[in-house]
Amino acid sequence: MKIAIVCYPTFGGSGVVATELGLELAHRGHEIHFITYRQPVRLALLNSKVHYHEVNVPEYPLFHYQPYELALSSKLVDIIKLYKIELLHVHYAIPHAYAGYMAKQMLKDEGIIVPMITTLHGTDITLVGNHPNYKTAVSFSINKSDVVTSVSQSLKEDTYKLFNIKNDIHVIPNFIELGKQRNESLISCQRSVMAKPEERIITHISNFRKVKRIPDIIKIFFKIQQKIPAKLMMVGDGPEKVKAERLCEEFGIQDQVIFFGNSNEIDSILSFSDLFLLPSETESFGLAALEAMAWSVPVISSNSGGLPEVNFDGISGYLSDVGNVDEMAENAIKILSNNQTLNLFKENALKVAKQFDIKNILPLYEKLYQKAINSSKKPIKS
């Protein structure tokens with residue numbers, strides 16, 4: 001199949017999922033075309049099966065905000081015609097599904113029919129999409145998609161609750177690429193730079209937005225380190241970072257917390273981590289938790305959104321109510337107190353992660369792709 005993928009090229013979960021999906025599809029012989037305003041951060045290698053097409057938005061003094069949707073839909077039309085694309089897969093309802101629909105209409109006038117699959121990731125529904133200024137457009141875009149998927153059952157339910165959706169929504173969870181090689185000597189060396197042998201390493205990775213409840217992470221760690229020697233690795237950047245740094249100073253733990261900023265060394269950091277914290281207000285899925293579990297790192301998280309579908313309470317980690325930092329700290333100490341318990345949770349975390357191996361999830365997308373293409377070829381009844 002020849003597939004065009006539209007996504008955000010950033011460090012966020014939707015961009016990571018879209019990029020990894022495209023790369024794995026290419027490994028299976030499909031021709032993949034990424035279309036976005038910048039090369040995705042995890043799209044390191046372009047080859048005969050993987051292509052990247054940049055969307056350029058001309059600047060005109062007339063426009064206060066440059067019309068990205070217009071530029072994207074025009075680019076989609078050009079690429080679909082030039083490369084004879086058979087299927088369009090857009091990640092995020094707005095602006096991508098909206099632009100995709102406009103491209104489909106322009107192509108339809110030329111007798112070209114290309115089915116569009118829209119994958120809902122979370123903030124496009126629960127935060128941005130639910131804003132009164134966008135709600136009508138989001139409902140329209142989802143209903144005009146040929147196939148709609150969501151990354152969790154929780155997100156599917158939220159979508160039906162918040163919008164007037166007539167389309168069926170298929171739940172296809174996010175995934176992880178397992179089988180990455182562990183270099184134990186390198187991990188040991190890197191770990192020794194970050195922490196003393198007796199210290200546990202606790203990690204958080206996100207975009208440091210309010211929804212991630214960054215102050216809760218600092219509070220949880222503060223309680224943990226009072227009982228167990230530990231270091232906290234804070235990976236990412238965003239509006240809550242400065243507040244977190246100040247909180248560390250207030251608690252007097254600034255020497256025990258390392259702020260990395262955005263990093264392409266996620267796997268390296270997770271490989272020597274002992275515990276992952278994700279106390280978010282809500283998560284449509286919890287991809288960061290899954291990435292940690294794939295490296296045998298148990299997770300302490302909230303029980304909000306799709307997190308219970310990923311982090312199995314008492315098995316791969318523990319779930320708590322949003323904001324219950326005391327219970328989260330207590331559960332973290334339970335896991336970290338002795339090596340036997342920690343190792344059991346590490347083993348269980350990996351076992352759960354294996355259920356979300358990309359090799360198990362990708363065929364679900366391929367099946368929907370083929371069904372959408374076949375349906376688009378059926379003659380329209382008069």
# chains A, B, ... in the order shown; residues from 1 in each chain; ligands from 1
>>> select_by_dssp(residues="stretch 6-104 of chain A", states="strand (DSSP E)", output="list in words")
Val6, Glu31, Ile32, His33, Phe34, Ile35, Thr36, Val50, His51, Tyr52, His53, Glu54, Leu87, Leu88, His89, Val90 and His91 of chain A
>>> write_last_selection(atoms="N, CA and C atoms", output="PDB file, in the first residue's frame")
ATOM      1  N   VAL A   6      -0.095  12.047   8.200  1.00  0.00           N
ATOM      2  CA  VAL A   6      -0.028  13.440   8.646  1.00  0.00           C
ATOM      3  C   VAL A   6      -0.006  13.450  10.165  1.00  0.00           C
ATOM      4  N   GLU A  31       4.795   1.656   1.192  1.00  0.00           N
ATOM      5  CA  GLU A  31       5.442   2.926   0.856  1.00  0.00           C
ATOM      6  C   GLU A  31       4.802   4.034   1.692  1.00  0.00           C
ATOM      7  N   ILE A  32       5.617   4.720   2.491  1.00  0.00           N
ATOM      8  CA  ILE A  32       5.102   5.671   3.478  1.00  0.00           C
ATOM      9  C   ILE A  32       5.568   7.089   3.161  1.00  0.00           C
ATOM     10  N   HIS A  33       4.611   8.024   3.195  1.00  0.00           N
ATOM     11  CA  HIS A  33       4.915   9.436   2.944  1.00  0.00           C
ATOM     12  C   HIS A  33       4.459  10.262   4.141  1.00  0.00           C
ATOM     13  N   PHE A  34       5.417  10.827   4.875  1.00  0.00           N
ATOM     14  CA  PHE A  34       5.099  11.716   5.999  1.00  0.00           C
ATOM     15  C   PHE A  34       4.926  13.131   5.463  1.00  0.00           C
ATOM     16  N   ILE A  35       3.831  13.776   5.860  1.00  0.00           N
ATOM     17  CA  ILE A  35       3.544  15.127   5.385  1.00  0.00           C
ATOM     18  C   ILE A  35       3.282  16.017   6.601  1.00  0.00           C
ATOM     19  N   THR A  36       4.193  16.947   6.865  1.00  0.00           N
ATOM     20  CA  THR A  36       4.057  17.835   8.018  1.00  0.00           C
ATOM     21  C   THR A  36       4.998  19.027   7.845  1.00  0.00           C
ATOM     22  N   VAL A  50      10.420   5.208   2.727  1.00  0.00           N
ATOM     23  CA  VAL A  50      10.030   6.260   3.666  1.00  0.00           C
ATOM     24  C   VAL A  50      10.380   7.623   3.075  1.00  0.00           C
ATOM     25  N   HIS A  51       9.367   8.472   2.935  1.00  0.00           N
ATOM     26  CA  HIS A  51       9.559   9.792   2.346  1.00  0.00           C
ATOM     27  C   HIS A  51       9.005  10.866   3.284  1.00  0.00           C
ATOM     28  N   TYR A  52       9.604  12.039   3.215  1.00  0.00           N
ATOM     29  CA  TYR A  52       9.130  13.178   4.014  1.00  0.00           C
ATOM     30  C   TYR A  52       8.885  14.360   3.089  1.00  0.00           C
ATOM     31  N   HIS A  53       7.709  14.982   3.242  1.00  0.00           N
ATOM     32  CA  HIS A  53       7.340  16.127   2.422  1.00  0.00           C
ATOM     33  C   HIS A  53       6.983  17.290   3.348  1.00  0.00           C
ATOM     34  N   GLU A  54       7.709  18.373   3.224  1.00  0.00           N
ATOM     35  CA  GLU A  54       7.512  19.516   4.123  1.00  0.00           C
ATOM     36  C   GLU A  54       6.393  20.419   3.637  1.00  0.00           C
ATOM     37  N   LEU A  87      -4.088   5.688   0.529  1.00  0.00           N
ATOM     38  CA  LEU A  87      -4.762   5.878   1.808  1.00  0.00           C
ATOM     39  C   LEU A  87      -4.115   7.028   2.570  1.00  0.00           C
ATOM     40  N   LEU A  88      -4.945   7.812   3.242  1.00  0.00           N
ATOM     41  CA  LEU A  88      -4.471   8.938   4.056  1.00  0.00           C
ATOM     42  C   LEU A  88      -4.772   8.645   5.521  1.00  0.00           C
ATOM     43  N   HIS A  89      -3.718   8.667   6.360  1.00  0.00           N
ATOM     44  CA  HIS A  89      -3.888   8.419   7.794  1.00  0.00           C
ATOM     45  C   HIS A  89      -3.464   9.673   8.539  1.00  0.00           C
ATOM     46  N   VAL A  90      -4.436  10.354   9.153  1.00  0.00           N
ATOM     47  CA  VAL A  90      -4.142  11.594   9.872  1.00  0.00           C
ATOM     48  C   VAL A  90      -4.234  11.357  11.371  1.00  0.00           C
ATOM     49  N   HIS A  91      -3.291  11.932  12.090  1.00  0.00           N
ATOM     50  CA  HIS A  91      -3.243  11.823  13.552  1.00  0.00           C
ATOM     51  C   HIS A  91      -3.577  13.190  14.145  1.00  0.00           C
TER      52      HIS A  91
END
>>> select_by_dssp(residues="stretch 141-253 of chain A", states="alpha helix (DSSP H)", output="PyMOL selection string")
chain A and resi 141-143+153-162+184-194+214-227+241-251
>>> closest_residue(among="A:Arg213, A:Lys346, A:Phe285, A:Lys227", to="A:Lys156", atoms="only C-alpha atoms")
A:Phe285
>>> atom_distance(atom1="atom CA of A:Leu25", atom2="atom CA of A:Asn143")
26.1 Å
>>> closest_atom_pairs(of="stretch 137-200 of chain A", to="stretch 353-362 of chain A", cutoff="10 Å", atoms="only C-alpha atoms", output="tab-separated table")
residue	atom	partner	partner_atom	distance
A:Ile172	CA	A:Ile361	CA	7.2
A:Pro173	CA	A:Ile361	CA	7.4
A:Asn174	CA	A:Phe356	CA	7.1
A:Phe175	CA	A:Phe356	CA	4.9
A:Ile176	CA	A:Asp357	CA	5.1
A:Glu177	CA	A:Ile358	CA	5.5
A:Leu178	CA	A:Asp357	CA	6.0
A:Gly179	CA	A:Asp357	CA	9.2
>>> closest_atom_pairs(of="stretch 134-156 of chain A", to="stretch 119-123 of chain A", cutoff="10 Å", atoms="only C-alpha atoms", output="CSV")
residue,atom,partner,partner_atom,distance
A:Ile142,CA,A:Leu120,CA,9.0
A:Ser145,CA,A:Thr119,CA,9.7
A:Val147,CA,A:Thr119,CA,8.5
A:Val148,CA,A:Thr119,CA,5.9
A:Thr149,CA,A:Thr119,CA,4.7
A:Ser150,CA,A:Leu120,CA,4.7
A:Val151,CA,A:His121,CA,5.9
A:Ser152,CA,A:His121,CA,8.5
A:Ser154,CA,A:Gly122,CA,9.7
A:Leu155,CA,A:Gly122,CA,6.5
A:Lys156,CA,A:Leu120,CA,8.4
>>> residues_around(residues="A:Gly238", least_positions_apart="4", cutoff="7 Å", atoms="only C-alpha atoms", output="PyMOL selection string")
chain A and resi 207-209
>>> closest_residue(among="A:Ser375, A:Lys334, A:Thr203, A:Pro229", to="A:Ala288", atoms="only C-alpha atoms")
A:Thr203
>>> decode(residues="stretch 121-160 of chain A", atoms="N, CA and C atoms", output="short mmCIF file (atom, residue, chain, number, x, y, z; two decimals), in the first residue's frame")
data_model
loop_
_atom_site.label_atom_id
_atom_site.label_comp_id
_atom_site.auth_asym_id
_atom_site.auth_seq_id
_atom_site.Cartn_x
_atom_site.Cartn_y
_atom_site.Cartn_z
N HIS A 121 -5.99 11.07 19.57
CA HIS A 121 -4.93 10.81 20.55
C HIS A 121 -5.22 11.35 21.94
N GLY A 122 -6.11 12.32 22.07
CA GLY A 122 -6.41 12.78 23.43
C GLY A 122 -6.68 14.26 23.53
N THR A 123 -5.63 15.08 23.49
CA THR A 123 -5.83 16.51 23.67
C THR A 123 -6.61 17.12 22.52
N ASP A 124 -6.60 16.47 21.34
CA ASP A 124 -7.42 16.96 20.24
C ASP A 124 -8.91 16.81 20.56
N ILE A 125 -9.23 15.97 21.54
CA ILE A 125 -10.61 15.74 21.94
C ILE A 125 -10.90 16.40 23.28
N THR A 126 -10.15 16.07 24.30
CA THR A 126 -10.50 16.46 25.67
C THR A 126 -10.14 17.91 26.00
N LEU A 127 -9.14 18.47 25.32
CA LEU A 127 -8.73 19.85 25.64
C LEU A 127 -9.04 20.80 24.50
N VAL A 128 -8.29 20.69 23.41
CA VAL A 128 -8.46 21.62 22.30
C VAL A 128 -9.82 21.44 21.63
N GLY A 129 -10.14 20.20 21.30
CA GLY A 129 -11.34 19.94 20.52
C GLY A 129 -12.63 20.29 21.22
N ASN A 130 -12.64 20.26 22.54
CA ASN A 130 -13.86 20.54 23.29
C ASN A 130 -14.10 22.04 23.48
N HIS A 131 -13.17 22.86 23.02
CA HIS A 131 -13.35 24.32 23.11
C HIS A 131 -14.48 24.73 22.17
N PRO A 132 -15.35 25.62 22.62
CA PRO A 132 -16.49 26.02 21.79
C PRO A 132 -16.10 26.50 20.39
N ASN A 133 -14.91 27.10 20.26
CA ASN A 133 -14.48 27.60 18.95
C ASN A 133 -14.15 26.49 17.96
N TYR A 134 -13.89 25.29 18.48
CA TYR A 134 -13.47 24.19 17.60
C TYR A 134 -14.43 23.02 17.56
N LYS A 135 -15.35 22.97 18.49
CA LYS A 135 -16.16 21.77 18.69
C LYS A 135 -16.91 21.34 17.43
N THR A 136 -17.52 22.30 16.74
CA THR A 136 -18.27 21.98 15.53
C THR A 136 -17.36 21.40 14.45
N ALA A 137 -16.18 22.00 14.30
CA ALA A 137 -15.23 21.53 13.28
C ALA A 137 -14.70 20.14 13.61
N VAL A 138 -14.49 19.87 14.90
CA VAL A 138 -14.00 18.55 15.30
C VAL A 138 -15.05 17.48 15.00
N SER A 139 -16.30 17.74 15.39
CA SER A 139 -17.38 16.79 15.11
C SER A 139 -17.49 16.53 13.62
N PHE A 140 -17.44 17.59 12.83
CA PHE A 140 -17.53 17.47 11.38
C PHE A 140 -16.39 16.61 10.83
N SER A 141 -15.16 16.89 11.28
CA SER A 141 -13.98 16.17 10.77
C SER A 141 -14.04 14.68 11.10
N ILE A 142 -14.46 14.37 12.32
CA ILE A 142 -14.54 12.96 12.72
C ILE A 142 -15.63 12.24 11.92
N ASN A 143 -16.77 12.89 11.77
CA ASN A 143 -17.88 12.25 11.05
C ASN A 143 -17.61 12.11 9.56
N LYS A 144 -16.75 12.96 9.01
CA LYS A 144 -16.43 12.88 7.60
C LYS A 144 -15.24 11.94 7.33
N SER A 145 -14.63 11.39 8.37
CA SER A 145 -13.54 10.42 8.19
C SER A 145 -14.13 9.08 7.77
N ASP A 146 -13.40 8.35 6.95
CA ASP A 146 -13.88 7.04 6.51
C ASP A 146 -13.76 6.01 7.61
N VAL A 147 -12.71 6.12 8.41
CA VAL A 147 -12.49 5.24 9.56
C VAL A 147 -11.94 6.09 10.69
N VAL A 148 -12.39 5.84 11.91
CA VAL A 148 -11.90 6.57 13.08
C VAL A 148 -11.38 5.58 14.10
N THR A 149 -10.19 5.86 14.64
CA THR A 149 -9.64 5.04 15.72
C THR A 149 -9.29 5.93 16.91
N SER A 150 -9.27 5.33 18.09
CA SER A 150 -8.80 6.03 19.29
C SER A 150 -7.80 5.14 19.98
N VAL A 151 -6.93 5.75 20.78
CA VAL A 151 -5.83 4.99 21.37
C VAL A 151 -6.22 4.29 22.68
N SER A 152 -7.44 4.52 23.15
CA SER A 152 -7.90 3.82 24.36
C SER A 152 -9.42 3.80 24.40
N GLN A 153 -9.96 2.88 25.18
CA GLN A 153 -11.40 2.81 25.38
C GLN A 153 -11.89 4.06 26.10
N SER A 154 -11.09 4.55 27.03
CA SER A 154 -11.44 5.76 27.76
C SER A 154 -11.62 6.95 26.83
N LEU A 155 -10.71 7.11 25.87
CA LEU A 155 -10.80 8.22 24.92
C LEU A 155 -12.01 8.05 24.00
N LYS A 156 -12.29 6.83 23.61
CA LYS A 156 -13.47 6.56 22.79
C LYS A 156 -14.73 7.02 23.52
N GLU A 157 -14.85 6.66 24.78
CA GLU A 157 -16.02 7.05 25.57
C GLU A 157 -16.11 8.56 25.73
N ASP A 158 -14.96 9.21 25.96
CA ASP A 158 -14.95 10.67 26.09
C ASP A 158 -15.41 11.34 24.79
N THR A 159 -14.99 10.79 23.66
CA THR A 159 -15.34 11.37 22.37
C THR A 159 -16.85 11.31 22.14
N TYR A 160 -17.45 10.16 22.43
CA TYR A 160 -18.90 10.03 22.27
C TYR A 160 -19.64 10.95 23.26
#
